[in-house]
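Enquirer: The structure's right below; bear with me while I get my questions together.
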Amino acid sequence: MIIKPVIKGVVSKSAHPEGCRHAIMEQIKYCQSHLQQINNGPKRVLILGASSGFGLAARISLTFGGAKCDSIGVSFEKGPSEKSIGTAGWYNNIFFKEFAEAEGRIAYNVIGDAFSDDVKNKVLNLINKDFDGEVDLIIYSLATGQRSDPATGNIWRSCLKTTGSAFTGKTVNIEDNKLESTIIDVASEAEIADTIKVMGGDDWESWILWLKENNVLTKKTKTIAFSYIGPEMTYPIYHTGTLGKAKQHLHETSDRLNKLISTDKHSGAYVVVCKALVTKASVYIPCFSPYILCLYKVMKSMGLHETCIGQMHRLFTEYLYNVDNVVVDSSRLIRIDDLELREDVQQKVIDLMSKMNDENFTSVGDYIGYKKEFLQLNGFGFESVDYNHQVDIDYLMKLKP
């Protein structure tokens, strides 16, 4: 069959396997050819949320960017069936493993609910079996709309709302190539609490405590989780919204975990504040896309733009490894959003946003680049891939992560 992109709103309902393979290859080449390589990096890594975005980019950078690590990746993805071609993350896992094993690296993919005891036990068995019972870096990169409590079966659901007053803004509809008005409602206290439960630091802390209890952490183990703060203009949407409340909880969790596992400068728990990027999670954030369009336009014109792989490789080569001490700010945050928040960058973004409207948003901002990155998340939009080529579904059904 021929696979074409099927987009509903900001969701891709299809994925192209060969495009996913190409996306992995491009990121690998970026890391292998980069002048800076990861020195004194981790050798055994666990990535929770490894199939796309920052989690996948981190896994690629650590495997092919100098550290030559072995890894276990946890993700919740679906393979091909009679109703669906399967998710992009499913194929990302498969092709990453293929390339990693060709380089002699161990690359396990655990598919399932990262909040469940079953997945934890599978991970522990793999650590004890092939990692000599140790991991020296745990990356927490889960992004989901709900979380279940394995003990009670209770389900918490997150929401994307404000916590002050309702906010009206514009959001890109990728399906229709339109800029639409959106109202972000005010969250209730219960909705705030549930969003913190899903997207805060509770599950990250649960994993680290569990791994510590099972004696797989070492004196040099680090753990990181990803966050975003952004400029003041995005605060009503993100920083002071339900997402921001959850991220603040994540920051507080890192301090508790740091006290728990830090023995010296070689170990510890950190939150990494990243720049605004097109990811499967970020496209859901209402009223956030116009800012990203303008940010992309400005940072590309200034030669400062980074994708997920660029961000992750800089993180490992300049902030977390290759240095005598982990590079943090006064709040003990690792700030790889530094280029985004430069004063000259932000002033140009403000100027562009003041000119943007429903008719000109595709030219004022970098809509072409924004949509291309969205398509590439799902294996589409690569010039070197023949999208008119017939895909062998029987072959895909045989592939296992």
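Scheme for the structure tokens: letters A, B, ... for chains in order shown; per-chain residue numbers from 1; ligand numbers from 1 in order shown.
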Do a neighbour search on A:Asp194 at 10 Å with only C-alpha atoms, toss out local chain neighbours closer than 4 positions, and write the hits as a ChimeraX atom specification.
Expert: /A:146-147,155-159,188-190,198-200,242,246
Enquirer: Which residues are near stretch 27-39 of chain A? Cut-off 9 Å, only C-alpha atoms, ignore same chain within fewer than 3 positions. Put them as a list of chain:residue names.
Expert: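 Once the nearby chain positions are removed, what remains is A:His22, A:Ala23, A:Ile24, A:Ala57, A:Ile60, A:Ser61, A:Leu62, A:Thr63, A:Phe64, A:Gly65, A:Gly66, A:Ala67, A:Lys68, A:Phe99, A:Ile309, A:Gly310, A:His313, A:Arg314, A:Phe316, A:Thr317, A:Glu318, A:Tyr321, A:Asn322, A:Val323.
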Enquirer: Store the residues of this selection in a file with C-alpha atoms, as a PDB file, in the first residue's frame.
Expert:
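Full text of part-v3.pdb as output:
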ATOM      1  CA  HIS A  22      15.328   8.070   7.616  1.00  0.00           C
ATOM      2  CA  ALA A  23      14.662  10.339  10.612  1.00  0.00           C
ATOM      3  CA  ILE A  24      16.722   8.049  12.858  1.00  0.00           C
ATOM      4  CA  ALA A  57      17.109  12.255  20.635  1.00  0.00           C
ATOM      5  CA  ILE A  60      20.588   8.579  19.825  1.00  0.00           C
ATOM      6  CA  SER A  61      23.084  11.162  21.062  1.00  0.00           C
ATOM      7  CA  LEU A  62      24.315   8.946  23.903  1.00  0.00           C
ATOM      8  CA  THR A  63      24.640   5.906  21.647  1.00  0.00           C
ATOM      9  CA  PHE A  64      26.179   7.481  18.552  1.00  0.00           C
ATOM     10  CA  GLY A  65      27.650  10.759  19.820  1.00  0.00           C
ATOM     11  CA  GLY A  66      30.696   9.489  21.650  1.00  0.00           C
ATOM     12  CA  ALA A  67      29.440   7.798  24.819  1.00  0.00           C
ATOM     13  CA  LYS A  68      28.631   4.509  23.048  1.00  0.00           C
ATOM     14  CA  PHE A  99      21.228   0.722  14.006  1.00  0.00           C
ATOM     15  CA  ILE A 309      18.878  16.203  18.550  1.00  0.00           C
ATOM     16  CA  GLY A 310      20.853  19.453  18.605  1.00  0.00           C
ATOM     17  CA  HIS A 313      23.801  16.660  22.027  1.00  0.00           C
ATOM     18  CA  ARG A 314      24.634  20.107  23.434  1.00  0.00           C
ATOM     19  CA  PHE A 316      25.509  16.027  27.024  1.00  0.00           C
ATOM     20  CA  THR A 317      28.645  17.650  25.600  1.00  0.00           C
ATOM     21  CA  GLU A 318      28.485  21.035  27.341  1.00  0.00           C
ATOM     22  CA  TYR A 321      29.357  15.535  30.693  1.00  0.00           C
ATOM     23  CA  ASN A 322      32.709  16.831  29.320  1.00  0.00           C
ATOM     24  CA  VAL A 323      32.734  19.235  32.295  1.00  0.00           C
TER      25      VAL A 323
END
Enquirer: Mind checking which residues fall within 6 Å of A:Asn258, counting only C-alpha atoms, ignoring those fewer than 3 positions away in the same chain, and posting them as a ChimeraX atom specification?
Expert: /A:254-255,261-262,268-269
Enquirer: Keeping only all heavy atoms, write those residues as a short mmCIF file (atom, residue, chain, number, x, y, z; two decimals), in the first residue's frame.
Expert:
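Generated file (selection32.cif):
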data_model
loop_
_atom_site.label_atom_id
_atom_site.label_comp_id
_atom_site.auth_asym_id
_atom_site.auth_seq_id
_atom_site.Cartn_x
_atom_site.Cartn_y
_atom_site.Cartn_z
N SER A 254 13.16 17.32 41.75
CA SER A 254 14.58 17.13 41.45
C SER A 254 15.45 17.44 42.67
O SER A 254 16.46 16.78 42.91
CB SER A 254 15.01 17.99 40.26
OG SER A 254 15.13 19.36 40.62
N ASP A 255 15.04 18.44 43.45
CA ASP A 255 15.81 18.77 44.66
C ASP A 255 15.74 17.65 45.69
O ASP A 255 16.74 17.31 46.33
CB ASP A 255 15.29 20.08 45.27
CG ASP A 255 15.58 21.29 44.39
OD1 ASP A 255 16.57 21.24 43.62
OD2 ASP A 255 14.83 22.27 44.45
N ILE A 261 20.12 10.82 46.06
CA ILE A 261 21.08 9.99 45.32
C ILE A 261 22.44 10.64 45.12
O ILE A 261 23.38 9.97 44.69
CB ILE A 261 20.52 9.59 43.94
CG1 ILE A 261 20.45 10.80 42.99
CG2 ILE A 261 19.16 8.93 44.07
CD1 ILE A 261 20.13 10.42 41.55
N SER A 262 22.59 11.93 45.41
CA SER A 262 23.84 12.61 45.14
C SER A 262 24.88 12.27 46.21
O SER A 262 24.64 12.43 47.40
CB SER A 262 23.64 14.12 45.10
OG SER A 262 24.86 14.78 44.88
N GLY A 268 23.58 12.78 40.84
CA GLY A 268 22.60 13.80 41.19
C GLY A 268 21.38 13.77 40.29
O GLY A 268 21.33 13.03 39.29
N ALA A 269 20.39 14.57 40.66
CA ALA A 269 19.14 14.67 39.91
C ALA A 269 18.96 16.10 39.43
O ALA A 269 19.13 17.05 40.20
CB ALA A 269 17.96 14.26 40.79
#
Enquirer: Go through A:Gly133, A:Gly369, A:Gly112, A:Pro401 and flag the residue nearest A:Leu211, using only C-alpha atoms for the distances.
Expert: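 Once distances to A:Leu211 are computed over only C-alpha atoms, the minimum belongs to A:Gly133.
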Enquirer: What's around stretch 385-398 of chain A at 10 Å? Count only C-alpha atoms, leave out sequence neighbours fewer than 6 positions away in its own chain, and write the answer as number ranges by chain.
Expert: A: 1-5, 16-19, 21-22, 79-82, 85-86, 91, 379
Enquirer: Would you output that residue set with N, CA and C atoms, as a compact mmCIF listing (two decimals), in the first residue's frame?
Expert:
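Ended up saving to out-v1.txt:
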# COMPACT_ATOMS: atom_id res chain seq x y z
N MET A 1 0.83 -1.20 0.00
CA MET A 1 0.00 0.00 0.00
C MET A 1 0.87 1.25 0.00
N ILE A 2 0.29 2.37 -0.43
CA ILE A 2 0.96 3.66 -0.38
C ILE A 2 0.45 4.40 0.86
N ILE A 3 1.38 4.87 1.68
CA ILE A 3 1.02 5.54 2.93
C ILE A 3 1.16 7.05 2.76
N LYS A 4 0.08 7.75 3.01
CA LYS A 4 0.06 9.21 2.94
C LYS A 4 -0.22 9.78 4.33
N PRO A 5 0.20 11.02 4.59
CA PRO A 5 -0.11 11.63 5.89
C PRO A 5 -1.61 11.88 6.05
N HIS A 16 4.90 6.88 8.45
CA HIS A 16 5.58 6.23 7.33
C HIS A 16 6.85 5.54 7.84
N PRO A 17 6.88 4.21 7.82
CA PRO A 17 8.03 3.47 8.38
C PRO A 17 9.37 3.87 7.78
N GLU A 18 9.45 3.96 6.44
CA GLU A 18 10.72 4.31 5.81
C GLU A 18 11.14 5.72 6.18
N GLY A 19 10.17 6.62 6.33
CA GLY A 19 10.48 7.97 6.78
C GLY A 19 10.99 7.98 8.20
N ARG A 21 12.65 5.52 9.61
CA ARG A 21 14.03 5.03 9.50
C ARG A 21 14.97 6.17 9.08
N HIS A 22 14.51 6.97 8.12
CA HIS A 22 15.33 8.07 7.62
C HIS A 22 15.56 9.11 8.72
N GLY A 79 1.91 -1.27 17.21
CA GLY A 79 2.38 -1.76 15.94
C GLY A 79 1.27 -1.82 14.91
N PRO A 80 1.59 -2.28 13.71
CA PRO A 80 0.59 -2.36 12.64
C PRO A 80 -0.49 -3.39 12.94
N SER A 81 -1.69 -3.11 12.45
CA SER A 81 -2.82 -4.03 12.62
C SER A 81 -3.71 -3.90 11.40
N GLU A 82 -4.84 -4.57 11.42
CA GLU A 82 -5.78 -4.47 10.29
C GLU A 82 -6.37 -3.07 10.17
N ILE A 85 -1.59 1.45 10.53
CA ILE A 85 -0.22 1.18 10.13
C ILE A 85 0.70 1.10 11.33
N GLY A 86 0.23 1.57 12.48
CA GLY A 86 1.07 1.63 13.67
C GLY A 86 1.60 3.04 13.90
N TYR A 91 7.99 2.36 15.06
CA TYR A 91 9.06 2.19 14.07
C TYR A 91 10.36 2.85 14.51
N GLY A 379 7.44 10.55 10.08
CA GLY A 379 8.07 9.89 8.96
C GLY A 379 7.77 10.48 7.60
Enquirer: If DSSP is run on the backbone, what residues of stretch 46-192 of chain A are alpha helix (DSSP H)? A reply as a ChimeraX atom specification would be ideal.
Expert: /A:53-64,88-102,117-130,189-192
Enquirer: So which residues of stretch 172-374 of chain A fall under strand (DSSP E or B) by DSSP, listed as a count of residues only?
Expert: 30
Enquirer: Rank A:Asp70, A:Asp337, A:Glu373, A:Asp132 by their smallest atom-to-atom distance to A:Gly104, using only C-alpha atoms, and report the top residue only.
Expert: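 Among the listed residues, A:Asp70 lies closest to A:Gly104.
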Enquirer: What lies within 9 Å of A:Lys13 using only C-alpha atoms, ignoring chain neighbours under 5 positions off, as a list of chain:residue names?
Expert: A:Pro5, A:Val6, A:Ile7, A:Lys8, A:Ser84, A:Thr87
Enquirer: Got a sec: who's within 9 Å of A:Ile138, counting only C-alpha atoms, leaving out chain neighbours fewer than 4 positions off, as an MDAnalysis selection string?
Expert: chainID A and resid 44:48 208 221:225
Enquirer: Which one is closest to A:Gly53: A:Pro231, A:Gly89, A:Gly73, A:Gly365? Count only C-alpha atoms.
Expert: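 Of A:Pro231, A:Gly89, A:Gly73, A:Gly365, the one nearest A:Gly53 is A:Gly89, counting only C-alpha atoms.
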Enquirer: Quick one: pull the distance between atom CA of A:Asp366 and atom CA of A:Ser289, Å, one decimal.
Expert: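 Between atom CA of A:Asp366 and atom CA of A:Ser289 the gap works out to 10.6 Å.
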Enquirer: Which is closest to A:Asp136 among A:Lys247, A:Arg335, A:Lys259, A:Lys212, if we use only C-alpha atoms?
Expert: A:Lys212
Enquirer: Near stretch 105-109 of chain A, within 8 Å and counting only C-alpha atoms, which residues show up once chain neighbours fewer than 2 positions away are dropped, as number ranges by chain?
Expert: A: 63, 68-75, 93, 97, 100-103, 111, 401
Enquirer: For atom CA of A:Ile285 and atom CA of A:Leu160, quote the distance in Å rounded to one decimal.
Expert: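 Between these atoms lies a distance of 6.8 Å.
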Enquirer: Can you work out the spacing between atom CA of A:Asn357 and atom CA of A:Ile292 in Å, to one decimal?
Expert: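 Pair atom CA of A:Asn357 / atom CA of A:Ile292 returns 14.5 Å.
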Enquirer: Compare A:Cys20, A:Asn121, A:Ala166, A:Glu205 by their minimum atom-to-atom distance to A:Asn92, counting only C-alpha atoms, and give me the closest one.
Expert: A:Cys20
Enquirer: From the options A:Asn128, A:Thr240, A:Thr263, A:Ser116, which residue's atoms come nearest to A:Asp203, counting only C-alpha atoms?
Expert: A:Ser116
